[in-house]
Amino acid sequence: MVDSLRRLSGAAFQLKRAKSVRPMASALVLWLAVYLSGTWAVDKGNFKTCDQSSFCKRQRALKPGESPYRALLETMELTNTRLTLQLINDNNKVHLLLELYRLQGNITRVKINELKPLKPRYEVPDVLIREPPTEPLSLLSQDENGVVLSLGVESQRVIISARPFRLDIVEGHEVLMSLNSRGLLAFEHLRMRKDTQADPEPEKKEEADPDNQAETAKEEEEKVEEGMWEETFKSHSDGKPNGPSSVSLDFSLPGVEHVYGIPEHADTLRLKTTDNGDPYRLYNLDVFQYELYNPMALYGAVPVMLAHHAQRTTGVFWLNAAETWVDISSNTAGKTVFGKMLDYVQGSSETPQTDVRWISESGIIDVFIMLGPTPKDVFSQYASLTGTQSFPPLTSLGYHQCRWNYNDQEDVQSVDAGFDEHDIPYDFIWLDIEHTDGKRYFTWDPHKFATPKEMLQGIMDKKRKMVAIVDPHIKVDSNYKIHNEIRSRGFYIKNKDGGDYEGWCWPGSAGYPDFTRADMRAWWASMFAYDQYEGSMENLYTWNDMNEPSVFNGPEVTMHKDAMHGDWEHRDVHNLYGFYVQMATAEGLIQRSGGVERPFVLTRAFFAGSQRYGAVWTGDNAAEWDHLKISIPMCLSLGLVGISFCGADVGGFFKSPSTELLVRWYQTGAYQPFFRAHAHLDTPRREPWLFGPENTALIRDAVRQRYTLMPYWYLQFYQAHHTGQPVMRPLWVEYPQDPATFALDDEFLIGRDLLVHPVTEEGVRGVTAYLPGKDEVWFDVHTFQKHNGAQNLYIPVTISSIPVFQRGGSIIPRKLRVRRSSSCMEHDPYSLYVALNPQRTAEGELYIDDGHTFNYEKKEFVHRRLSFANNLLSSVDLAPDAQFTTHSWIERIIILGASKPSKVTLKTADGQESHIDFEFDASMSVLTLRKPGMNSGADWTVMLQ
């Protein structure tokens, strides 16, 4: 701990020198010491529970029952694209406006706002990629009890019941989803504080005349509860000038027992019921060395939940950027398998049902109901709203080596050379905060990194790249250009009194740029230009950390909610901050290249739509087996809500892994989308070659497996970019009717064709993997042994084992000549692994472009369908209008589950025929075709005779 503090040139020592803040200084030095030591777990007392969050406590005190809201049917207006309808709260006579839209792609949008709010309520901008296109609504029937509308898809209807208000979405005789069926709609209206205004004259509360509803809202008769106008947590006070403003709505999901999503939480893939504890919390927070298996908030928040049963998948997207809590209850929770069997035997008619309640502190209710019906439909529906995963540079899918911090340029050069010496490929080396001049971002330490371009050029000469950290807290220093520019332009977030908001972070006293402003983001993007970011080059990319935002001396280690972003309080926009930081940074990397090069930006904080701007990681994990294990459901949950580019710090950020744990983490990380090793500055060095030759060889093998699969990874990201399908996905996504897959989160699929069951427990000699698919077969990618689907397979393992299986019926391209980086492999040949299904057919794809520019948008790529049927293997162009020349060729074809042919003939597009040499392993039914030699971008057919 002493060493940690001695190395700090930032907050702690500056605080010590500032006599006027000495009491705060000592507290922050202690806080930083704890943060840096890595020996203490998270102090949960730093973060609120629902009972300590006044709006959550208030809302949760409401019990299911008859709702006070009813629909005023006489106010209904129906146009071709929108229904509007007023709701009234019979307790306080406040009027709300309900808007309902049918959107293209089987999506229904429901918005609820105050009819005439005291001032505008926040509606989230920039997350939707466009205003969603609508489709016509039509009225089917109406009476005094409600209305029925047609949604136009397979007899889908919306039924709006008037008293109490309730909304049901029905298909045929089946209720797909109900809103406010439990009566938990609650909408706290904005109001004037009694003691700051003259007593209003009593007014008659006329429900038909809501023009003066702020005054007629019966609010004066409401009991003023603690936290309604001001809230205190520890030493922090949060003023609420317009009083309580929270919103809540419940959703009932008949037939559903499994719900997923709402990341980020260190918890199981299948979300748990919350009846006996806190709800899941969505509030971006800097939680170091977080605890596992609880609903605490972490660094990011995506308010999207998927519900699944064997017949249908649906989704709910709650578009609100304020602090949000999500309660989940189920009528089957806690029932044992025996209890469920008893229900069946006794003829119980109770349908399984999950009820979900969303509670947000401010804003409006704006919810998108995605009606599937398949998992892939829901992914497409969500992508149509918030966009798809950005298409990353191919190199970013390689291995990343990081540490807090590499000491200086010589250290970087030594680590880089170590990878070559030990024949381990890597693509990116990273620099943390110590590379800067006193935690001033966009700068370099003048002593330790005196010639950054020389360092970057040395890495570039080996076709490698670097990432440097750029955090959004800006050192308050009149000699710092970035600070002076932001202050002079008025770009800092303000405190409630109008001055620049300042908090403490790594540099000491720091300002926080207001990234919600488009002009601020544009200025920030301009700072990445090569003539502005001195020492930067085209192979330098960016990492945005601490962007929750992290404020060491703020409430819950973040920003005060009554800080101001123009007209909006921070409470309204909090979960958007990291989203905007990554957006501006990605735009900066694009602009610096004149719009030519794809960016790579890693972020810790995120929101819905963050997938458009780069990658995320799971934050400050620990070198513990359970943290390795939890990385799988954490990344799976992110993939389900659009963020495919996910990974966890290999080896764990805090603490020191055993050699067995480190090896197993490399083996797991090699099969997750973002593959980076990272460690705390107080941990012993852990470059891959520091644990003895045997462990070095094991790590080398895992990393090399990653590189052989780079063509497949790149194809998956191309498809994710175009379709919204997750790269790393739970088994139920591909096997939605198999209940055995619904709760699995210790294994996963990459695309649809690779199944991975990493070894995540210490000292085990075997693992049991579930292989799905009743009529399918799976091939062990290491031994080529064939296994039938729909079984639990026990797999003996040694320390070198990584259980991975290729689905029968698939073709996967690989590159087997592993070099020092992926760029060095650009023109290398491909090997095709053809795994036959019981019908002796297989399909796959091959995608090739330049790997780093946006030229693929100009149709500069190769995209081919590979198929095997009737003993013919062929390559057909999927994009005949695309133009791209590749020098790579097919050097090997391995067919699993094959029969021995008498001869093998290659026929090319020009009609030329030639014989191909082959080998056949009868014991494993593996046919290997050697050096067929055709260009990877050409038409060809291989005939087995």
# chains A, B, ... in the order shown; residues from 1 in each chain; ligands from 1

$ select_by_dssp --residues "region 233-472 of chain A" --states "strand (DSSP E)" --output "number ranges by chain"
A: 233, 236-239, 247-254, 258-261, 280-282, 304-309, 312-318, 324-330, 353-360, 365-370, 399-401, 428-431, 465-469

$ residues_around --residues "Gln719 (chain A)" --least-positions-apart "3" --cutoff "10 Å" --atoms "only C-alpha atoms" --output "list in words"
Thr388, Gln389, Phe391, Trp713, Tyr714, Leu715, Gln716, His722, Thr723, Gly724, Gln725, Pro726, Val727, Gly751 and Tyr847 of chain A

$ residues_around --residues "region 242-256 of chain A" --least-positions-apart "4" --cutoff "6 Å" --atoms "only C-alpha atoms" --output "number ranges by chain"
A: 177-180, 184-192, 228-229, 309, 351-362

$ write_last_selection --atoms "N, CA and C atoms" --output "PDB file, in the first residue's frame"
ATOM      1  N   MET A 177     -48.252 -10.263 -23.205  1.00  0.00           N
ATOM      2  CA  MET A 177     -47.701  -9.393 -22.185  1.00  0.00           C
ATOM      3  C   MET A 177     -48.797  -8.465 -21.703  1.00  0.00           C
ATOM      4  N   SER A 178     -48.770  -8.151 -20.405  1.00  0.00           N
ATOM      5  CA  SER A 178     -49.738  -7.218 -19.831  1.00  0.00           C
ATOM      6  C   SER A 178     -48.999  -6.107 -19.112  1.00  0.00           C
ATOM      7  N   LEU A 179     -49.504  -4.885 -19.267  1.00  0.00           N
ATOM      8  CA  LEU A 179     -48.938  -3.717 -18.595  1.00  0.00           C
ATOM      9  C   LEU A 179     -49.941  -3.224 -17.556  1.00  0.00           C
ATOM     10  N   ASN A 180     -49.435  -2.977 -16.376  1.00  0.00           N
ATOM     11  CA  ASN A 180     -50.237  -2.498 -15.242  1.00  0.00           C
ATOM     12  C   ASN A 180     -51.292  -3.500 -14.809  1.00  0.00           C
ATOM     13  N   LEU A 184     -49.297  -1.366 -10.630  1.00  0.00           N
ATOM     14  CA  LEU A 184     -48.123  -0.703 -10.057  1.00  0.00           C
ATOM     15  C   LEU A 184     -47.618   0.455 -10.913  1.00  0.00           C
ATOM     16  N   LEU A 185     -48.425   0.894 -11.887  1.00  0.00           N
ATOM     17  CA  LEU A 185     -48.109   2.144 -12.567  1.00  0.00           C
ATOM     18  C   LEU A 185     -48.105   3.258 -11.527  1.00  0.00           C
ATOM     19  N   ALA A 186     -47.015   4.013 -11.489  1.00  0.00           N
ATOM     20  CA  ALA A 186     -46.926   5.154 -10.569  1.00  0.00           C
ATOM     21  C   ALA A 186     -46.115   6.238 -11.256  1.00  0.00           C
ATOM     22  N   PHE A 187     -46.634   7.444 -11.254  1.00  0.00           N
ATOM     23  CA  PHE A 187     -45.998   8.550 -11.981  1.00  0.00           C
ATOM     24  C   PHE A 187     -46.015   9.777 -11.072  1.00  0.00           C
ATOM     25  N   GLU A 188     -44.870  10.056 -10.463  1.00  0.00           N
ATOM     26  CA  GLU A 188     -44.784  11.186  -9.542  1.00  0.00           C
ATOM     27  C   GLU A 188     -44.647  12.477 -10.345  1.00  0.00           C
ATOM     28  N   HIS A 189     -45.637  13.354 -10.221  1.00  0.00           N
ATOM     29  CA  HIS A 189     -45.671  14.564 -11.044  1.00  0.00           C
ATOM     30  C   HIS A 189     -44.761  15.639 -10.452  1.00  0.00           C
ATOM     31  N   LEU A 190     -44.209  16.470 -11.336  1.00  0.00           N
ATOM     32  CA  LEU A 190     -43.419  17.616 -10.884  1.00  0.00           C
ATOM     33  C   LEU A 190     -44.330  18.594 -10.168  1.00  0.00           C
ATOM     34  N   ARG A 191     -43.764  19.314  -9.181  1.00  0.00           N
ATOM     35  CA  ARG A 191     -44.607  20.204  -8.380  1.00  0.00           C
ATOM     36  C   ARG A 191     -43.772  21.328  -7.788  1.00  0.00           C
ATOM     37  N   MET A 192     -44.447  22.342  -7.322  1.00  0.00           N
ATOM     38  CA  MET A 192     -43.814  23.434  -6.590  1.00  0.00           C
ATOM     39  C   MET A 192     -43.804  23.077  -5.117  1.00  0.00           C
ATOM     40  N   MET A 228     -38.180  13.271  -0.346  1.00  0.00           N
ATOM     41  CA  MET A 228     -38.961  13.747  -1.487  1.00  0.00           C
ATOM     42  C   MET A 228     -38.376  15.031  -2.080  1.00  0.00           C
ATOM     43  N   TRP A 229     -37.895  15.927  -1.214  1.00  0.00           N
ATOM     44  CA  TRP A 229     -37.384  17.216  -1.684  1.00  0.00           C
ATOM     45  C   TRP A 229     -35.876  17.344  -1.516  1.00  0.00           C
ATOM     46  N   HIS A 309     -39.610 -18.554 -23.391  1.00  0.00           N
ATOM     47  CA  HIS A 309     -40.057 -19.916 -23.143  1.00  0.00           C
ATOM     48  C   HIS A 309     -40.022 -20.652 -24.481  1.00  0.00           C
ATOM     49  N   THR A 351     -50.606 -21.287 -14.885  1.00  0.00           N
ATOM     50  CA  THR A 351     -49.609 -21.076 -15.927  1.00  0.00           C
ATOM     51  C   THR A 351     -48.408 -20.370 -15.318  1.00  0.00           C
ATOM     52  N   PRO A 352     -47.187 -20.823 -15.635  1.00  0.00           N
ATOM     53  CA  PRO A 352     -46.028 -20.085 -15.133  1.00  0.00           C
ATOM     54  C   PRO A 352     -46.102 -18.629 -15.572  1.00  0.00           C
ATOM     55  N   GLN A 353     -45.672 -17.743 -14.718  1.00  0.00           N
ATOM     56  CA  GLN A 353     -45.699 -16.317 -15.064  1.00  0.00           C
ATOM     57  C   GLN A 353     -44.578 -15.599 -14.328  1.00  0.00           C
ATOM     58  N   THR A 354     -43.939 -14.688 -15.031  1.00  0.00           N
ATOM     59  CA  THR A 354     -42.951 -13.799 -14.417  1.00  0.00           C
ATOM     60  C   THR A 354     -43.481 -12.383 -14.495  1.00  0.00           C
ATOM     61  N   ASP A 355     -43.363 -11.674 -13.388  1.00  0.00           N
ATOM     62  CA  ASP A 355     -43.779 -10.277 -13.320  1.00  0.00           C
ATOM     63  C   ASP A 355     -42.549  -9.418 -13.099  1.00  0.00           C
ATOM     64  N   VAL A 356     -42.469  -8.352 -13.869  1.00  0.00           N
ATOM     65  CA  VAL A 356     -41.307  -7.460 -13.818  1.00  0.00           C
ATOM     66  C   VAL A 356     -41.801  -6.048 -13.581  1.00  0.00           C
ATOM     67  N   ARG A 357     -41.148  -5.351 -12.679  1.00  0.00           N
ATOM     68  CA  ARG A 357     -41.496  -3.960 -12.425  1.00  0.00           C
ATOM     69  C   ARG A 357     -40.267  -3.092 -12.600  1.00  0.00           C
ATOM     70  N   TRP A 358     -40.398  -2.060 -13.428  1.00  0.00           N
ATOM     71  CA  TRP A 358     -39.328  -1.092 -13.664  1.00  0.00           C
ATOM     72  C   TRP A 358     -39.639   0.175 -12.878  1.00  0.00           C
ATOM     73  N   ILE A 359     -38.620   0.708 -12.183  1.00  0.00           N
ATOM     74  CA  ILE A 359     -38.759   1.924 -11.386  1.00  0.00           C
ATOM     75  C   ILE A 359     -37.581   2.840 -11.726  1.00  0.00           C
ATOM     76  N   SER A 360     -37.859   4.041 -12.236  1.00  0.00           N
ATOM     77  CA  SER A 360     -36.800   5.000 -12.550  1.00  0.00           C
ATOM     78  C   SER A 360     -37.032   6.297 -11.795  1.00  0.00           C
ATOM     79  N   GLU A 361     -35.928   6.985 -11.482  1.00  0.00           N
ATOM     80  CA  GLU A 361     -36.031   8.161 -10.617  1.00  0.00           C
ATOM     81  C   GLU A 361     -36.665   9.361 -11.295  1.00  0.00           C
ATOM     82  N   SER A 362     -36.479   9.493 -12.588  1.00  0.00           N
ATOM     83  CA  SER A 362     -37.003  10.673 -13.281  1.00  0.00           C
ATOM     84  C   SER A 362     -37.241  10.316 -14.737  1.00  0.00           C
TER      85      SER A 362
END

$ closest_residue --among "A:Leu731, A:Leu269, A:Ala922, A:Leu755" --to "Ile632 (chain A)" --atoms "only C-alpha atoms"
A:Leu269

$ residues_around --residues "Thr905 (chain A)" --least-positions-apart "3" --cutoff "9 Å" --atoms "only C-alpha atoms" --output "VMD selection string"
chain A and resid 913 to 916 941 to 945

$ residues_around --residues "region 609-614 of chain A" --least-positions-apart "5" --cutoff "7 Å" --atoms "only C-alpha atoms" --output "CSV table (one decimal) with N, CA, C and O atoms, in the first residue's frame"
chain,number,residue,atom,x,y,z
A,127,VAL,N,-29.9,7.8,-28.4
A,127,VAL,CA,-29.7,6.3,-28.3
A,127,VAL,C,-30.4,5.6,-29.4
A,127,VAL,O,-29.8,4.7,-30.0
A,386,THR,N,-31.6,0.6,-31.8
A,386,THR,CA,-30.3,1.2,-31.2
A,386,THR,C,-29.1,0.9,-32.0
A,386,THR,O,-28.0,1.4,-31.6
A,387,GLY,N,-29.2,0.2,-33.1
A,387,GLY,CA,-28.1,-0.1,-34.0
A,387,GLY,C,-27.4,-1.4,-33.6
A,387,GLY,O,-27.7,-2.1,-32.6
A,388,THR,N,-26.4,-1.8,-34.4
A,388,THR,CA,-25.7,-3.0,-34.2
A,388,THR,C,-24.3,-2.8,-33.7
A,388,THR,O,-23.8,-1.6,-33.6
A,389,GLN,N,-23.7,-3.9,-33.3
A,389,GLN,CA,-22.3,-3.8,-32.9
A,389,GLN,C,-21.4,-3.2,-34.0
A,389,GLN,O,-21.5,-3.6,-35.2
A,390,SER,N,-20.6,-2.2,-33.6
A,390,SER,CA,-19.7,-1.6,-34.6
A,390,SER,C,-18.8,-2.7,-35.2
A,390,SER,O,-18.4,-3.7,-34.5
A,579,PHE,N,-21.7,6.5,-22.3
A,579,PHE,CA,-22.1,6.3,-23.7
A,579,PHE,C,-21.7,7.5,-24.6
A,579,PHE,O,-21.1,7.3,-25.6
A,582,GLN,N,-17.7,7.6,-25.0
A,582,GLN,CA,-17.2,6.7,-26.0
A,582,GLN,C,-17.6,7.1,-27.4
A,582,GLN,O,-16.8,7.0,-28.3
A,583,MET,N,-18.8,7.7,-27.5
A,583,MET,CA,-19.3,8.2,-28.8
A,583,MET,C,-18.3,9.3,-29.3
A,583,MET,O,-17.9,9.2,-30.5
A,586,ALA,N,-14.8,7.7,-30.2
A,586,ALA,CA,-14.8,7.0,-31.5
A,586,ALA,C,-14.9,7.9,-32.6
A,586,ALA,O,-14.2,7.7,-33.7
A,600,PHE,N,-11.0,1.9,-32.7
A,600,PHE,CA,-11.1,0.9,-31.6
A,600,PHE,C,-11.1,1.7,-30.3
A,600,PHE,O,-10.2,2.4,-30.0
A,601,VAL,N,-12.2,1.6,-29.6
A,601,VAL,CA,-12.4,2.3,-28.3
A,601,VAL,C,-13.0,1.4,-27.3
A,601,VAL,O,-14.0,0.8,-27.5
A,602,LEU,N,-12.3,1.2,-26.1
A,602,LEU,CA,-12.8,0.4,-25.0
A,602,LEU,C,-13.4,1.3,-24.0
A,602,LEU,O,-12.8,2.4,-23.7
A,642,GLY,N,-27.1,-6.6,-27.3
A,642,GLY,CA,-26.5,-5.9,-28.4
A,642,GLY,C,-25.0,-5.7,-28.3
A,642,GLY,O,-24.4,-5.3,-29.3
A,643,ILE,N,-24.4,-5.8,-27.1
A,643,ILE,CA,-23.0,-5.5,-26.9
A,643,ILE,C,-22.2,-6.8,-27.0
A,643,ILE,O,-22.0,-7.5,-26.0

$ residues_around --residues "Met370 (chain A)" --least-positions-apart "5" --cutoff "8 Å" --atoms "only C-alpha atoms" --output "ChimeraX atom specification"
/A:106-108,314-317,378,381-382

$ write_last_selection --atoms "all heavy atoms" --output "CSV table (one decimal), in the first residue's frame"
chain,number,residue,atom,x,y,z
A,106,ASN,N,-42.7,-5.7,-35.8
A,106,ASN,CA,-43.3,-6.4,-34.7
A,106,ASN,C,-42.9,-5.8,-33.4
A,106,ASN,O,-42.6,-6.5,-32.4
A,106,ASN,CB,-43.1,-7.9,-34.8
A,106,ASN,CG,-44.2,-8.6,-34.1
A,106,ASN,OD1,-45.3,-8.1,-33.8
A,106,ASN,ND2,-44.0,-9.9,-33.8
A,107,ILE,N,-42.9,-4.5,-33.3
A,107,ILE,CA,-42.5,-3.8,-32.0
A,107,ILE,C,-43.7,-2.8,-31.7
A,107,ILE,O,-44.3,-2.2,-32.6
A,107,ILE,CB,-41.3,-2.9,-32.2
A,107,ILE,CG1,-40.1,-3.8,-32.7
A,107,ILE,CG2,-40.9,-2.2,-30.9
A,107,ILE,CD1,-38.9,-3.0,-33.1
A,108,THR,N,-44.0,-2.8,-30.4
A,108,THR,CA,-45.0,-1.8,-29.9
A,108,THR,C,-44.4,-0.9,-29.0
A,108,THR,O,-43.6,-1.3,-28.1
A,108,THR,CB,-46.2,-2.6,-29.2
A,108,THR,OG1,-46.8,-3.4,-30.2
A,108,THR,CG2,-47.2,-1.6,-28.7
A,314,THR,N,-39.6,-12.7,-26.2
A,314,THR,CA,-40.0,-11.3,-26.3
A,314,THR,C,-38.9,-10.4,-25.6
A,314,THR,O,-38.1,-11.0,-24.9
A,314,THR,CB,-41.4,-11.1,-25.6
A,314,THR,OG1,-41.3,-11.5,-24.3
A,314,THR,CG2,-42.5,-11.8,-26.4
A,315,GLY,N,-39.1,-9.1,-25.7
A,315,GLY,CA,-38.1,-8.2,-25.1
A,315,GLY,C,-38.8,-7.0,-24.6
A,315,GLY,O,-39.8,-6.5,-25.3
A,316,VAL,N,-38.2,-6.3,-23.6
A,316,VAL,CA,-38.7,-5.0,-23.1
A,316,VAL,C,-37.5,-4.1,-23.0
A,316,VAL,O,-36.5,-4.4,-22.4
A,316,VAL,CB,-39.4,-5.2,-21.7
A,316,VAL,CG1,-39.7,-3.8,-21.2
A,316,VAL,CG2,-40.6,-6.0,-21.8
A,317,PHE,N,-37.6,-3.0,-23.7
A,317,PHE,CA,-36.5,-1.9,-23.7
A,317,PHE,C,-37.1,-0.7,-23.0
A,317,PHE,O,-38.0,-0.1,-23.6
A,317,PHE,CB,-36.1,-1.7,-25.2
A,317,PHE,CG,-35.2,-0.5,-25.3
A,317,PHE,CD1,-34.3,-0.1,-24.3
A,317,PHE,CD2,-35.1,0.2,-26.5
A,317,PHE,CE1,-33.4,1.0,-24.5
A,317,PHE,CE2,-34.2,1.3,-26.7
A,317,PHE,CZ,-33.4,1.7,-25.7
A,378,VAL,N,-36.0,-10.9,-31.9
A,378,VAL,CA,-35.8,-9.9,-30.9
A,378,VAL,C,-34.5,-9.1,-31.1
A,378,VAL,O,-34.4,-7.9,-31.0
A,378,VAL,CB,-35.9,-10.5,-29.5
A,378,VAL,CG1,-35.6,-9.5,-28.4
A,378,VAL,CG2,-37.3,-11.1,-29.3
A,381,GLN,N,-35.0,-6.8,-33.8
A,381,GLN,CA,-35.9,-5.7,-33.4
A,381,GLN,C,-35.1,-4.6,-32.6
A,381,GLN,O,-35.3,-3.4,-32.8
A,381,GLN,CB,-37.1,-6.3,-32.7
A,381,GLN,CG,-38.1,-7.0,-33.6
A,381,GLN,CD,-38.9,-8.0,-32.8
A,381,GLN,OE1,-38.8,-8.2,-31.6
A,381,GLN,NE2,-39.8,-8.8,-33.6
A,382,TYR,N,-34.4,-5.1,-31.7
A,382,TYR,CA,-33.6,-4.2,-30.8
A,382,TYR,C,-32.5,-3.5,-31.7
A,382,TYR,O,-32.3,-2.2,-31.5
A,382,TYR,CB,-32.9,-4.9,-29.7
A,382,TYR,CG,-32.1,-4.0,-28.8
A,382,TYR,CD1,-32.7,-3.0,-28.1
A,382,TYR,CD2,-30.7,-4.2,-28.6
A,382,TYR,CE1,-32.0,-2.2,-27.2
A,382,TYR,CE2,-30.0,-3.4,-27.8
A,382,TYR,CZ,-30.6,-2.4,-27.1
A,382,TYR,OH,-29.9,-1.5,-26.3

$ closest_residue --among "A:Phe491, A:Trp430, A:Trp665, A:Tyr533" --to "Trp404 (chain A)" --atoms "only C-alpha atoms"
A:Trp430

$ atom_distance --atom1 "CA of Asp275 (chain A)" --atom2 "CA of Asp327 (chain A)"
7.5 Å

$ closest_residue --among "A:Tyr299, A:Phe368, A:Trp325, A:Tyr283" --to "Asp51 (chain A)" --atoms "only C-alpha atoms"
A:Trp325

$ select_by_dssp --residues "region 76-276 of chain A" --states "helix (DSSP H, G or I)" --output "ChimeraX atom specification"
/A:194-196,210-212,219-221

$ write_last_selection --atoms "N, CA and C atoms" --output "mmCIF file, in the first residue's frame"
data_model
loop_
_atom_site.group_PDB
_atom_site.id
_atom_site.type_symbol
_atom_site.label_atom_id
_atom_site.label_comp_id
_atom_site.auth_asym_id
_atom_site.auth_seq_id
_atom_site.Cartn_x
_atom_site.Cartn_y
_atom_site.Cartn_z
ATOM 1 N N LYS A 194 -44.321 23.617 -1.266
ATOM 2 C CA LYS A 194 -45.313 24.424 -0.550
ATOM 3 C C LYS A 194 -44.683 25.629 0.113
ATOM 4 N N ASP A 195 -43.516 25.442 0.715
ATOM 5 C CA ASP A 195 -42.960 26.538 1.489
ATOM 6 C C ASP A 195 -42.194 27.539 0.630
ATOM 7 N N THR A 196 -42.254 27.379 -0.733
ATOM 8 C CA THR A 196 -41.609 28.355 -1.610
ATOM 9 C C THR A 196 -42.620 29.080 -2.475
ATOM 10 N N PRO A 210 -57.654 19.580 -17.276
ATOM 11 C CA PRO A 210 -56.357 19.351 -16.649
ATOM 12 C C PRO A 210 -55.374 20.491 -16.878
ATOM 13 N N ASP A 211 -55.835 21.630 -17.413
ATOM 14 C CA ASP A 211 -54.895 22.668 -17.794
ATOM 15 C C ASP A 211 -54.048 23.148 -16.627
ATOM 16 N N ASN A 212 -54.625 23.144 -15.445
ATOM 17 C CA ASN A 212 -53.883 23.636 -14.294
ATOM 18 C C ASN A 212 -53.576 22.488 -13.327
ATOM 19 N N GLU A 219 -51.655 17.705 -4.367
ATOM 20 C CA GLU A 219 -50.346 17.412 -3.797
ATOM 21 C C GLU A 219 -50.220 17.960 -2.388
ATOM 22 N N GLU A 220 -50.985 19.037 -2.089
ATOM 23 C CA GLU A 220 -50.839 19.648 -0.781
ATOM 24 C C GLU A 220 -51.334 18.714 0.305
ATOM 25 N N GLU A 221 -52.174 17.759 -0.081
ATOM 26 C CA GLU A 221 -52.707 16.842 0.910
ATOM 27 C C GLU A 221 -51.817 15.613 1.074
#

$ atom_distance --atom1 "CA of Leu85 (chain A)" --atom2 "CA of Leu72 (chain A)"
6.8 Å

$ atom_distance --atom1 "CA of Asp939 (chain A)" --atom2 "CA of Ala882 (chain A)"
14.0 Å
